[in-house]
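Beneath this line is the structure, given in structure tokens, with notes to follow.
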Amino acid sequence: MRRFNPVSVVFVVLCVVGWRCSGLSATFILNEVTIRFIRDGIMVLALLIPIAAGMGINFAVTLGATAAQVGVLVVVDRQIGGPAGLLLALCIGVCLSIVVGCAVGYALNRVKGKEMIATIVMGFLGTSLYQLVFMAGYGALIPSHNREILLSRGIGVRNMVDLHAFRNTIDQYWTVTAGGVQFPVFMILAVFCTAFVIVYVMNTPLGQRFKAVGENREKAELLGIDVDRTRIRAIVLSTVLACLGQIVFLQNIGMLNVYTAHLKTDIFSSAALLAGGATIEKAGVRHAFLGILLFHALFIVSPQAGQNVFGNAALGEYFRSFVAYGTIAFALILNVRHARRAPNAAAPGDADAV
Amino acid sequence: MGKISARARAGGFHPPQIIILSFVAVMMAVAVFLKIDVKTILGDSLVRLAMNGVLVLSLVPMFNAGIGLNFGLPVGIVAGLLGMCLAVNFRITGLSGFLSAMLFSVPIGVLSGGLYSRILNRVGGREEIAATFVGFSFVCLMNLFWATAPFGNPVMLWPIGGHGMRPTIGLQNYFGKALNDLWSVSVSGIRVPVGLLLSFCLLGLLLHLFLRTRIGRALQAVGENETFAALSGIDVRGVRTLAVILSTVLGAWGICFYAQSYGFIELYDAPLMMAFPAASALLIGGASGGRTTIAQVVLGTYLFQTTYILSAPIANELLIPEAAEILRMIVTNCVILYALLHRGGVREA
């Protein structure tokens, strides 16, 4: 029997209290949680591999999300709709994420042990570059093919781009309704499939190298593993998964908030992962799944709970962003304390790591 | 590190400084070419130097104590905001309003700085990322407070309902521009805010003198080599705590300077990203070696803020208005990223 993780327990308590206060029906919450599970699932899973490789939380998943948005914008600009367009957007996004992932991985090899602060700054930098291209470049240097997404001044993409051509393209396959809750079975399977692929990868020789590098870089080097290359691969895989995740997210929402859709993906997905009981040194698929359910359940109930208890829905919203940031801060503080207390606690060949 | 400081002493420039200097030079040339009023820009640059300078100055104690860039600056900023809100709540106007805001923020800053230092003393080696998220979560926690704050002055509250603070509070009837207009003189068409600059210089001088006292030297010794400092009998934990508290209180004063110059108190999410431009300004001054001087802070802030002022009219003229803000963000984050990559990682234990 595993010891319960204190963070998850707090989340369960908050969720239950919030649910009682919000007065929302269980069916509604289940429906919403299911939607968010398929919407954000892959993004959370994208964080697992860098953690296994000892690089901490990869806040640069925003760059993967940005790459996906670039792909989507190119497709919308060329007015290619439906599954073909989505596939093309995916191809562009994945290619871009591989390039970006390589760059990020290369840079992170210079800041071993301080990857997280570097990835968060890289995320900001990527966001600014992306904004520059689409706010100042599109229509000016980049010719526009779709007047509908162009601002009336002739430069820049509109804040909101309608993705009606893609909306729920893949969500609607094979949905099952049970007791008022609609399960998009295909997408749930897709998320599970991604999780399975990650578990599978972690058991291949490449995955073993990730784990070896994550446990101890110097030992891995002695074993003949090219540490730098392995770390770059971990980041590339993570960035590509993040790109996939953002494509799924966008087609589910059906709208692209051009300049803001990707901004908090890193915060929310890492907070969800940590809510599930992961730490910045050890995270598995089960943490990701439990975390998404708990974190998003809290997200759904808190505004309504704030409205009912304090007569102010904004309080619930502030509370949930505090929870998101606070969870990450707590994990960062807690984890280092653990690492100090037991520097060699992680036994080699630990089956729990992913 | 030794190599870098030797180079800095010899008057050499770091790549970020070269980039910024050429950026400023190019923009100056463009500004002259576009016939933008350079005198106004020079006057504004002096105001912005002192307006943002204290925030940058506040990073120095922690940076020199080896805790790294204080990305948790919002902790100090929130203390300052609270101090200013108290001053507005008691309806203290003019310069005394500004001074009492600074006074009120000291105990708040000491308290939150003390808690903040306890956290940072726990996370050896990972202070920067922990500080970032402590800052972020503190801002969000304070959002809950702002929404329910029991303040009485109606200018601070939502006009409808009378509950919760407004996101921006105008200071023009209280202590807005209190320092900006103090002894403001015009020198050949350039408006020089003497009072503002003097108070900024005074704070800088005090910090400079503090760093030369026995405690200040101990602080820098900890920054240079923690193990060696501990061996020579310095209470490393105590010194680090002091550095964090000092940084937090100075951060609180920094936002007081900023807000009186800006004319508004900005609450809620406004402090969230304020640490990054300040950190960038510090690094531009030439702080990549692990220690910085007050002169470098002034130089870095001035260069950074000049790009800030120059880019807006030029972007309006040549590109789109938003481009200025985006370019500044790119510069900010490029400089921080360069410093992180240049400094390198930590060795595995």
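Here's how to read the names in the structure tokens: chain A, B, ... by the order shown, residue numbers from 1 in each chain, ligand numbers from 1 in the order shown.
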ask   = Which residues of chain A are close to chain B, meaning at most 7 Å apart when you count only C-alpha atoms, and how do they look as an MDAnalysis selection string?
value = chainID A and resid 110:114 116:118 121 124:125 128:129 132 136 315 318:319 321:322 325:326 328:329 332:333 336:337
ask   = DSSP on the backbone: what in region 37-86 of chain B comes out helix (DSSP H, G or I), as a ChimeraX atom specification?
value = /B:38-57,60-64,73-86
Selection above as a file: N, CA, C and O atoms, as a compact mmCIF listing (two decimals), in the first residue's frame:
```
# COMPACT_ATOMS: atom_id res chain seq x y z
N VAL B 38 14.05 64.78 -29.23
CA VAL B 38 15.05 64.08 -28.42
C VAL B 38 15.11 64.63 -27.00
O VAL B 38 15.37 63.91 -26.05
N LYS B 39 14.82 65.95 -26.87
CA LYS B 39 14.90 66.56 -25.54
C LYS B 39 13.86 65.96 -24.59
O LYS B 39 14.16 65.66 -23.43
N THR B 40 12.66 65.79 -25.08
CA THR B 40 11.62 65.16 -24.26
C THR B 40 12.06 63.76 -23.87
O THR B 40 11.88 63.32 -22.74
N ILE B 41 12.65 63.07 -24.84
CA ILE B 41 13.06 61.69 -24.58
C ILE B 41 14.13 61.65 -23.50
O ILE B 41 14.08 60.82 -22.58
N LEU B 42 15.07 62.59 -23.57
CA LEU B 42 16.12 62.62 -22.55
C LEU B 42 15.52 62.90 -21.17
O LEU B 42 15.88 62.24 -20.19
N GLY B 43 14.59 63.86 -21.11
CA GLY B 43 13.93 64.16 -19.83
C GLY B 43 13.19 62.94 -19.31
O GLY B 43 13.30 62.57 -18.13
N ASP B 44 12.43 62.30 -20.21
CA ASP B 44 11.67 61.11 -19.81
C ASP B 44 12.59 60.01 -19.33
O ASP B 44 12.28 59.27 -18.39
N SER B 45 13.75 59.89 -19.99
CA SER B 45 14.65 58.79 -19.62
C SER B 45 15.16 58.99 -18.20
O SER B 45 15.35 58.03 -17.46
N LEU B 46 15.36 60.26 -17.80
CA LEU B 46 15.80 60.51 -16.42
C LEU B 46 14.70 60.12 -15.44
O LEU B 46 14.96 59.52 -14.40
N VAL B 47 13.44 60.48 -15.78
CA VAL B 47 12.32 60.11 -14.91
C VAL B 47 12.23 58.60 -14.79
O VAL B 47 12.12 58.04 -13.70
N ARG B 48 12.33 57.94 -15.92
CA ARG B 48 12.17 56.48 -15.90
C ARG B 48 13.33 55.79 -15.20
O ARG B 48 13.16 54.72 -14.63
N LEU B 49 14.51 56.41 -15.24
CA LEU B 49 15.66 55.83 -14.53
C LEU B 49 15.34 55.74 -13.04
O LEU B 49 15.49 54.67 -12.43
N ALA B 50 14.86 56.85 -12.46
CA ALA B 50 14.59 56.84 -11.02
C ALA B 50 13.31 56.07 -10.71
O ALA B 50 13.19 55.45 -9.66
N MET B 51 12.36 56.11 -11.66
CA MET B 51 11.08 55.44 -11.45
C MET B 51 11.28 53.93 -11.30
O MET B 51 10.70 53.29 -10.43
N ASN B 52 12.14 53.37 -12.15
CA ASN B 52 12.37 51.92 -12.12
C ASN B 52 13.64 51.54 -11.37
O ASN B 52 13.84 50.37 -11.06
N GLY B 53 14.49 52.55 -11.13
CA GLY B 53 15.81 52.25 -10.58
C GLY B 53 15.76 51.57 -9.23
O GLY B 53 16.55 50.66 -8.96
N VAL B 54 14.82 51.98 -8.37
CA VAL B 54 14.79 51.40 -7.03
C VAL B 54 14.39 49.92 -7.11
O VAL B 54 14.91 49.10 -6.34
N LEU B 55 13.51 49.60 -8.03
CA LEU B 55 13.14 48.19 -8.19
C LEU B 55 14.37 47.37 -8.57
O LEU B 55 14.55 46.25 -8.09
N VAL B 56 15.20 47.93 -9.47
CA VAL B 56 16.41 47.21 -9.88
C VAL B 56 17.39 47.14 -8.71
O VAL B 56 18.00 46.10 -8.45
N LEU B 57 17.50 48.26 -8.00
CA LEU B 57 18.38 48.32 -6.84
C LEU B 57 18.02 47.24 -5.82
O LEU B 57 18.89 46.66 -5.16
N VAL B 60 19.81 43.92 -5.70
CA VAL B 60 21.25 43.84 -5.42
C VAL B 60 21.60 43.01 -4.18
O VAL B 60 22.45 42.13 -4.28
N PRO B 61 20.95 43.25 -3.01
CA PRO B 61 21.38 42.47 -1.84
C PRO B 61 21.31 40.97 -2.08
O PRO B 61 22.27 40.25 -1.77
N MET B 62 20.21 40.49 -2.65
CA MET B 62 20.10 39.05 -2.87
C MET B 62 21.09 38.57 -3.91
O MET B 62 21.68 37.51 -3.79
N PHE B 63 21.28 39.39 -4.96
CA PHE B 63 22.20 38.98 -6.02
C PHE B 63 23.62 38.87 -5.48
O PHE B 63 24.31 37.89 -5.73
N ASN B 64 24.02 39.87 -4.70
CA ASN B 64 25.39 39.85 -4.18
C ASN B 64 25.58 38.80 -3.09
O ASN B 64 26.69 38.39 -2.83
N LEU B 73 10.49 39.13 -6.73
CA LEU B 73 10.28 40.55 -6.47
C LEU B 73 8.81 40.90 -6.18
O LEU B 73 8.56 41.80 -5.37
N PRO B 74 7.82 40.23 -6.79
CA PRO B 74 6.43 40.56 -6.45
C PRO B 74 6.13 40.49 -4.96
O PRO B 74 5.25 41.22 -4.50
N VAL B 75 6.87 39.70 -4.19
CA VAL B 75 6.64 39.66 -2.75
C VAL B 75 6.88 41.05 -2.16
O VAL B 75 6.06 41.56 -1.39
N GLY B 76 8.00 41.67 -2.55
CA GLY B 76 8.28 43.02 -2.07
C GLY B 76 7.30 44.03 -2.63
O GLY B 76 6.84 44.92 -1.93
N ILE B 77 6.98 43.87 -3.91
CA ILE B 77 6.08 44.83 -4.57
C ILE B 77 4.73 44.85 -3.85
O ILE B 77 4.16 45.91 -3.60
N VAL B 78 4.23 43.66 -3.50
CA VAL B 78 2.93 43.59 -2.83
C VAL B 78 3.00 44.29 -1.49
O VAL B 78 2.06 45.02 -1.12
N ALA B 79 4.14 44.15 -0.78
CA ALA B 79 4.28 44.85 0.50
C ALA B 79 4.19 46.35 0.27
O ALA B 79 3.52 47.07 1.04
N GLY B 80 4.83 46.84 -0.79
CA GLY B 80 4.78 48.26 -1.10
C GLY B 80 3.37 48.71 -1.46
O GLY B 80 2.91 49.78 -1.07
N LEU B 81 2.68 47.88 -2.24
CA LEU B 81 1.30 48.21 -2.63
C LEU B 81 0.43 48.35 -1.40
O LEU B 81 -0.39 49.27 -1.29
N LEU B 82 0.63 47.43 -0.47
CA LEU B 82 -0.15 47.46 0.76
C LEU B 82 0.15 48.74 1.54
O LEU B 82 -0.77 49.40 2.05
N GLY B 83 1.44 49.08 1.60
CA GLY B 83 1.84 50.31 2.29
C GLY B 83 1.17 51.53 1.66
O GLY B 83 0.62 52.39 2.36
N MET B 84 1.18 51.58 0.32
CA MET B 84 0.57 52.73 -0.36
C MET B 84 -0.94 52.76 -0.14
O MET B 84 -1.52 53.83 0.04
N CYS B 85 -1.56 51.57 -0.16
CA CYS B 85 -3.01 51.52 0.07
C CYS B 85 -3.35 52.05 1.45
O CYS B 85 -4.34 52.77 1.62
N LEU B 86 -2.50 51.73 2.44
CA LEU B 86 -2.73 52.24 3.79
C LEU B 86 -2.64 53.76 3.79
O LEU B 86 -3.49 54.44 4.38
```
task = Mind checking which residues fall within 12 Å of region 155-162 of chain A, counting only C-alpha atoms, ignoring those fewer than 6 positions away in the same chain, and posting them as number ranges by chain?
result = A: 69-70, 72-77, 79, 81, 130-149, 250-251, 253-261; B: 319-323
task = Would you list the contacts of Ser199 (chain B) as a list in words, taking every protein, DNA or RNA residue within 12 Å and counting only C-alpha atoms, but skipping same-chain residues closer than 4 positions in sequence?
result = Val47, Leu49, Ala50, Met51, Gly53, Val54, Leu99, Ala178, Leu179, Asn180, Leu182, Trp183, Pro193, Val194, Gly195, Leu203, Gly204, Leu205, Leu206, Trp253, Gly254 and Phe257 of chain B
ask   = So how far away is CA of Val106 (chain B) from CA of Leu207 (chain B), in Å?
value =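 CA of Leu207 (chain B) sits 15.8 Å away from CA of Val106 (chain B).
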